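Down below is the structure, laid out as structure tokens.
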Amino acid sequence: GSAMSMQQPPLRVCVTGAAGQIAYSLLPHICLGRTFGPNRKIILHLMDIERAQTALGGVKFELQDCGFDLLVDVITTSDPNVAFKNVDVCVFLGAFPRGPGMERKDLLAKNAGIFKTQGKILDSIASRDVKVVVVGNPANTNAWVTQQCAPSIPPQNFTALTRLDANRAQNQIAMRVGVQPSAVSNATIWGNHSSTQYPDVSFARVNGFKDVYEAVGDKAWLQGDYIKTVQQRGAAIIAARKLSSAMSAAKAISDHLHDWLVGSNGKIVSMAVPSDGSYGVEKGLIYSFPVVCEAGNYQIVQGVPLSDFSKKLMQNTEKELSEERTMTKQILFSGSKL
């Protein structure tokens, strides 16, 4: 048929927390075709809480004023039954923020309740192959809760964002060696999107061939301050901006979705995905691995050599995820009211 008749239907993309700052930086990526490809039309389903609806209306005005040819329609709502209807992609930015003096357990409980509700609705009305990325913290565990509450959607479709950490890891090396970011490949994040994450450059390369340890020439830095800098970058940005990283988070979400749905072209990228037991990581945990992606599928990269140093840090972040899941299970399934 003609080019017109061959065109794919518009992609329905839901963004929660859509009146917030990450969304404000993310929406242009999506509407300019950077995320899902330069020709893929988009219908946005923008959801936020009731009191943010006026602000969300303002975001809709701005989307109209940008004049994006790829943007077919914008739906704004506070009702997940509207937001999740037939969506192909769902980006969960909204989560309950950790307040001063709030225990981790309270944060887990609050979010388990939110994501349980959202998972159930997604399960009943979203596209049967909806692709989910959770950004709101605790992201890995929120993704696990959503997955558990949406059993009719393929379990591998539930992911959490560690691409921001991976981009940070890549760029710290690039700055140190004095090359452009894309010259650094295979910098990987293992585990949880938290300060226990392990940024691993043991199999990373500069310019495709040079070992990072060799290129940097400072093992103490690579196994010390480098790791700390990447782990605590988010906190450093909050300290400086008095707001969390939004521009870089949005770019990372766009990267994550682009590589997953369009393809990573053989490039190794980091995504938090359900463990299949690779590298001895407990099956079912949503854990960040090195993956390669092609047209909506990802494959965990096998055969990465692991030093004892790496194993220790990988087990440490796995332990944290396992504890989060245990706590969340008690909250979700102990019959306690959410």
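Following the order of the structure tokens, chains are lettered A, B, ..., residues in each are numbered from 1, and ligands are numbered from 1.
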
(message) Need the shell around Val201 of chain A: protein/DNA/RNA residues with any atom at most 9 Å away, counting only C-alpha atoms. Skip same-chain ones fewer than 6 positions apart. Format as number ranges by chain?
(response) A: 169-170, 173, 186-189, 211-213, 222

(request) Considering only C-alpha atoms, return as JSON, numbers by chain whatever protein or nucleic-acid residues lie within 9 Å of Leu46 of chain A, sequence-local ones (same chain, fewer than 6 positions apart) excluded. (result) {"A": [13, 14, 15, 16, 17, 18, 19, 56, 60, 74, 75, 76, 77, 78, 83]}

Just write the chosen residues, all heavy atoms, as an mmCIF file, in the first residue's frame.
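Result file follows (part.cif):
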data_model
loop_
_atom_site.group_PDB
_atom_site.id
_atom_site.type_symbol
_atom_site.label_atom_id
_atom_site.label_comp_id
_atom_site.auth_asym_id
_atom_site.auth_seq_id
_atom_site.Cartn_x
_atom_site.Cartn_y
_atom_site.Cartn_z
ATOM 1 N N VAL A 13 0.551 7.006 24.934
ATOM 2 C CA VAL A 13 1.579 7.073 25.975
ATOM 3 C C VAL A 13 1.003 7.759 27.209
ATOM 4 O O VAL A 13 0.592 8.925 27.149
ATOM 5 C CB VAL A 13 2.810 7.867 25.474
ATOM 6 C CG1 VAL A 13 3.882 7.933 26.559
ATOM 7 C CG2 VAL A 13 3.364 7.243 24.187
ATOM 8 N N CYS A 14 0.971 7.020 28.305
ATOM 9 C CA CYS A 14 0.499 7.601 29.568
ATOM 10 C C CYS A 14 1.691 8.063 30.396
ATOM 11 O O CYS A 14 2.696 7.353 30.511
ATOM 12 C CB CYS A 14 -0.294 6.566 30.357
ATOM 13 S SG CYS A 14 -0.777 7.182 31.993
ATOM 14 N N VAL A 15 1.573 9.260 30.960
ATOM 15 C CA VAL A 15 2.569 9.767 31.901
ATOM 16 C C VAL A 15 1.832 10.150 33.180
ATOM 17 O O VAL A 15 0.885 10.940 33.139
ATOM 18 C CB VAL A 15 3.308 11.002 31.330
ATOM 19 C CG1 VAL A 15 4.315 11.553 32.349
ATOM 20 C CG2 VAL A 15 4.001 10.658 30.014
ATOM 21 N N THR A 16 2.234 9.561 34.313
ATOM 22 C CA THR A 16 1.628 9.952 35.593
ATOM 23 C C THR A 16 2.537 10.990 36.259
ATOM 24 O O THR A 16 3.718 11.075 35.952
ATOM 25 C CB THR A 16 1.423 8.750 36.545
ATOM 26 O OG1 THR A 16 2.677 8.413 37.161
ATOM 27 C CG2 THR A 16 0.863 7.534 35.804
ATOM 28 N N GLY A 17 1.964 11.774 37.160
ATOM 29 C CA GLY A 17 2.734 12.887 37.729
ATOM 30 C C GLY A 17 3.040 13.901 36.644
ATOM 31 O O GLY A 17 4.073 14.562 36.630
ATOM 32 N N ALA A 18 2.088 14.039 35.717
ATOM 33 C CA ALA A 18 2.337 14.765 34.466
ATOM 34 C C ALA A 18 2.403 16.282 34.619
ATOM 35 O O ALA A 18 2.838 16.978 33.711
ATOM 36 C CB ALA A 18 1.276 14.393 33.429
ATOM 37 N N ALA A 19 1.997 16.805 35.783
ATOM 38 C CA ALA A 19 2.129 18.256 36.003
ATOM 39 C C ALA A 19 3.457 18.581 36.688
ATOM 40 O O ALA A 19 3.760 19.741 36.940
ATOM 41 C CB ALA A 19 0.962 18.770 36.849
ATOM 42 N N LEU A 56 -2.090 21.126 35.055
ATOM 43 C CA LEU A 56 -1.990 20.174 33.944
ATOM 44 C C LEU A 56 -2.658 20.747 32.688
ATOM 45 O O LEU A 56 -2.177 20.555 31.569
ATOM 46 C CB LEU A 56 -2.636 18.841 34.355
ATOM 47 C CG LEU A 56 -2.376 17.627 33.470
ATOM 48 C CD1 LEU A 56 -0.881 17.399 33.275
ATOM 49 C CD2 LEU A 56 -3.006 16.376 34.086
ATOM 50 N N LYS A 60 -1.094 21.347 28.912
ATOM 51 C CA LYS A 60 -1.784 21.027 27.651
ATOM 52 C C LYS A 60 -1.778 22.235 26.700
ATOM 53 O O LYS A 60 -1.517 22.073 25.503
ATOM 54 C CB LYS A 60 -3.208 20.554 27.926
ATOM 55 C CG LYS A 60 -3.959 20.156 26.673
ATOM 56 C CD LYS A 60 -5.331 19.564 26.972
ATOM 57 C CE LYS A 60 -6.062 19.226 25.682
ATOM 58 N NZ LYS A 60 -7.279 18.427 25.927
ATOM 59 N N VAL A 74 -4.221 15.122 23.240
ATOM 60 C CA VAL A 74 -3.769 15.146 24.634
ATOM 61 C C VAL A 74 -4.980 14.975 25.533
ATOM 62 O O VAL A 74 -5.934 15.759 25.460
ATOM 63 C CB VAL A 74 -3.076 16.486 24.990
ATOM 64 C CG1 VAL A 74 -2.601 16.467 26.442
ATOM 65 C CG2 VAL A 74 -1.914 16.776 24.049
ATOM 66 N N ILE A 75 -4.940 13.946 26.365
ATOM 67 C CA ILE A 75 -6.018 13.705 27.334
ATOM 68 C C ILE A 75 -5.447 14.027 28.710
ATOM 69 O O ILE A 75 -4.382 13.519 29.069
ATOM 70 C CB ILE A 75 -6.462 12.221 27.265
ATOM 71 C CG1 ILE A 75 -7.097 11.931 25.894
ATOM 72 C CG2 ILE A 75 -7.408 11.871 28.410
ATOM 73 C CD1 ILE A 75 -7.056 10.474 25.488
ATOM 74 N N THR A 76 -6.111 14.891 29.472
ATOM 75 C CA THR A 76 -5.660 15.178 30.840
ATOM 76 C C THR A 76 -6.724 14.689 31.815
ATOM 77 O O THR A 76 -7.919 14.868 31.577
ATOM 78 C CB THR A 76 -5.416 16.684 31.066
ATOM 79 O OG1 THR A 76 -6.637 17.393 30.823
ATOM 80 C CG2 THR A 76 -4.333 17.218 30.147
ATOM 81 N N THR A 77 -6.276 14.076 32.921
ATOM 82 C CA THR A 77 -7.231 13.476 33.854
ATOM 83 C C THR A 77 -6.582 13.207 35.206
ATOM 84 O O THR A 77 -5.354 13.152 35.313
ATOM 85 C CB THR A 77 -7.786 12.144 33.285
ATOM 86 O OG1 THR A 77 -8.773 11.614 34.176
ATOM 87 C CG2 THR A 77 -6.687 11.104 33.102
ATOM 88 N N SER A 78 -7.430 13.015 36.232
ATOM 89 C CA SER A 78 -6.918 12.534 37.526
ATOM 90 C C SER A 78 -7.410 11.106 37.763
ATOM 91 O O SER A 78 -7.144 10.517 38.801
ATOM 92 C CB SER A 78 -7.409 13.451 38.651
ATOM 93 O OG SER A 78 -8.830 13.461 38.675
ATOM 94 N N ALA A 83 -6.888 7.408 32.298
ATOM 95 C CA ALA A 83 -5.469 7.532 31.939
ATOM 96 C C ALA A 83 -4.896 6.256 31.334
ATOM 97 O O ALA A 83 -4.101 6.304 30.405
ATOM 98 C CB ALA A 83 -4.660 7.937 33.165
#

(request) Write out as JSON, numbers by chain the residues lying within 12 Å of Phe209 of chain A, counting only C-alpha atoms and excluding same-chain residues fewer than 4 positions away. (result) {"A": [183, 184, 185, 186, 203, 204, 205, 213, 214, 215]}

Given only C-alpha atoms, how would the per-residue table for segment 302-324 of chain A near segment 130-141 of chain A read, listing every residue at most 10 Å away with its closest atom pair and distance in Å to one decimal, sorted by chain and number, as JSON lines?
{"residue": "A:Leu321", "atom": "CA", "partner": "A:Thr141", "partner_atom": "CA", "distance": 7.3}
{"residue": "A:Ser322", "atom": "CA", "partner": "A:Thr141", "partner_atom": "CA", "distance": 9.3}
{"residue": "A:Glu324", "atom": "CA", "partner": "A:Thr141", "partner_atom": "CA", "distance": 6.7}

Only all heavy atoms, please: the residues just picked out, written as a PDB file, in the first residue's frame.
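Below is the file that was written, selection.pdb:
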ATOM      1  N   LEU A 321      17.172  -4.916  47.798  1.00  0.00           N
ATOM      2  CA  LEU A 321      15.947  -5.139  47.013  1.00  0.00           C
ATOM      3  C   LEU A 321      15.107  -6.253  47.617  1.00  0.00           C
ATOM      4  O   LEU A 321      13.883  -6.176  47.663  1.00  0.00           O
ATOM      5  CB  LEU A 321      16.307  -5.492  45.569  1.00  0.00           C
ATOM      6  CG  LEU A 321      16.605  -4.300  44.665  1.00  0.00           C
ATOM      7  CD1 LEU A 321      17.181  -4.766  43.345  1.00  0.00           C
ATOM      8  CD2 LEU A 321      15.338  -3.476  44.442  1.00  0.00           C
ATOM      9  N   SER A 322      15.786  -7.294  48.068  1.00  0.00           N
ATOM     10  CA  SER A 322      15.098  -8.428  48.678  1.00  0.00           C
ATOM     11  C   SER A 322      14.375  -7.998  49.960  1.00  0.00           C
ATOM     12  O   SER A 322      13.232  -8.384  50.201  1.00  0.00           O
ATOM     13  CB  SER A 322      16.138  -9.512  48.983  1.00  0.00           C
ATOM     14  OG  SER A 322      15.494 -10.738  49.098  1.00  0.00           O
ATOM     15  N   GLU A 324      13.374  -4.895  50.642  1.00  0.00           N
ATOM     16  CA  GLU A 324      12.254  -4.032  50.243  1.00  0.00           C
ATOM     17  C   GLU A 324      11.055  -4.883  49.832  1.00  0.00           C
ATOM     18  O   GLU A 324       9.918  -4.596  50.177  1.00  0.00           O
ATOM     19  CB  GLU A 324      12.653  -3.127  49.066  1.00  0.00           C
ATOM     20  CG  GLU A 324      13.515  -1.946  49.449  1.00  0.00           C
ATOM     21  CD  GLU A 324      13.769  -1.008  48.264  1.00  0.00           C
ATOM     22  OE1 GLU A 324      13.028  -1.056  47.263  1.00  0.00           O
ATOM     23  OE2 GLU A 324      14.739  -0.215  48.350  1.00  0.00           O
TER      24      GLU A 324
END

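A straight line drawn from atom CA of Ser334 of chain A to atom CA of Phe158 of chain A is 23.6 Å long.
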
(request) Per DSSP on the backbone, filter segment 33-202 of chain A down to the residues in alpha helix (DSSP H) and report them as number ranges by chain. (result) A: 53-66, 80-83, 104-125, 139-148, 163-177

Wanna dump the segment 23-137 of chain A-segment 253-271 of chain A contacts at 8 Å for me, each residue with its shortest atom pair and the distance in Å to one decimal, counting only C-alpha atoms, ordered by chain and number, as a Markdown table?
| residue | atom | partner | partner_atom | distance |
| --- | --- | --- | --- | --- |
| A:Leu26 | CA | A:Ser254 | CA | 7.1 |
| A:His29 | CA | A:Ser254 | CA | 6.6 |
| A:Ile30 | CA | A:Ser254 | CA | 7.2 |
| A:Arg34 | CA | A:Ser254 | CA | 7.2 |
| A:Thr35 | CA | A:His258 | CA | 4.7 |
| A:Phe36 | CA | A:His258 | CA | 5.5 |
| A:Gly37 | CA | A:Val262 | CA | 7.1 |

(request) Would you mind telling me which residue in A:Gln7, A:Gln223, A:Gln156, A:Asn111 lies nearest to Ser310 of chain A when using only C-alpha atoms? (result) A:Gln223

(message) Taking only C-alpha atoms into account, name the residue in A:Ile43, A:Leu27, A:Leu32, A:Ala220 that is nearest to Ala250 of chain A.
(response)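 Selected residue with least distance to Ala250 of chain A: A:Leu27.
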
(request) as a list of chain:residue names, list the residues of segment 118-274 of chain A assigned to strand (DSSP E or B) by DSSP on the backbone atoms of this structure. (result) A:Lys131, A:Val132, A:Val133, A:Val134, A:Phe158, A:Thr159, A:Ala160, A:Val184, A:Ser185, A:Thr188, A:Ile189, A:Trp190, A:Gly191, A:Tyr198, A:Pro199, A:Asp200, A:Arg205, A:Val206, A:Lys210, A:Asp211, A:Val269, A:Ser270, A:Met271, A:Ala272, A:Val273, A:Pro274

(request) Check the smallest atom-to-atom distance from each of A:Glu294, A:Gly58, A:Val216, A:Val91 to Arg176 of chain A using only C-alpha atoms, then report the winner. (result) A:Val216

(request) Find the residues near Arg168 of chain A: any atom within 7 Å, counting only C-alpha atoms, skip ones fewer than 4 places away on the same chain, and give them as a VMD selection string. (result) chain A and resid 164 172 230

Write a file of the just-selected residues containing N, CA, C and O atoms, as an mmCIF file, in the first residue's frame.
data_model
loop_
_atom_site.group_PDB
_atom_site.id
_atom_site.type_symbol
_atom_site.label_atom_id
_atom_site.label_comp_id
_atom_site.auth_asym_id
_atom_site.auth_seq_id
_atom_site.Cartn_x
_atom_site.Cartn_y
_atom_site.Cartn_z
ATOM 1 N N LEU A 164 19.350 6.757 34.073
ATOM 2 C CA LEU A 164 19.925 8.012 34.552
ATOM 3 C C LEU A 164 21.248 7.721 35.251
ATOM 4 O O LEU A 164 22.261 8.392 35.023
ATOM 5 N N GLN A 172 30.817 10.447 33.767
ATOM 6 C CA GLN A 172 31.932 10.663 34.697
ATOM 7 C C GLN A 172 33.235 10.129 34.100
ATOM 8 O O GLN A 172 34.295 10.749 34.241
ATOM 9 N N VAL A 230 28.709 8.592 41.494
ATOM 10 C CA VAL A 230 27.543 8.154 40.723
ATOM 11 C C VAL A 230 26.379 7.823 41.654
ATOM 12 O O VAL A 230 25.241 8.234 41.414
#

(message) Just to confirm, what's the straight-line distance from atom CA of Arg104 of chain A to atom CA of Ser195 of chain A in Å (one decimal)?
(response)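 Separation of atom CA of Arg104 of chain A and atom CA of Ser195 of chain A: 13.3 Å.
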
(message) Rounded to one decimal, what separation in Å do you get between atom CA of Met102 of chain A and atom CA of Val273 of chain A?
(response)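 If I compute the distance from atom CA of Met102 of chain A to atom CA of Val273 of chain A, I get 27.5 Å.
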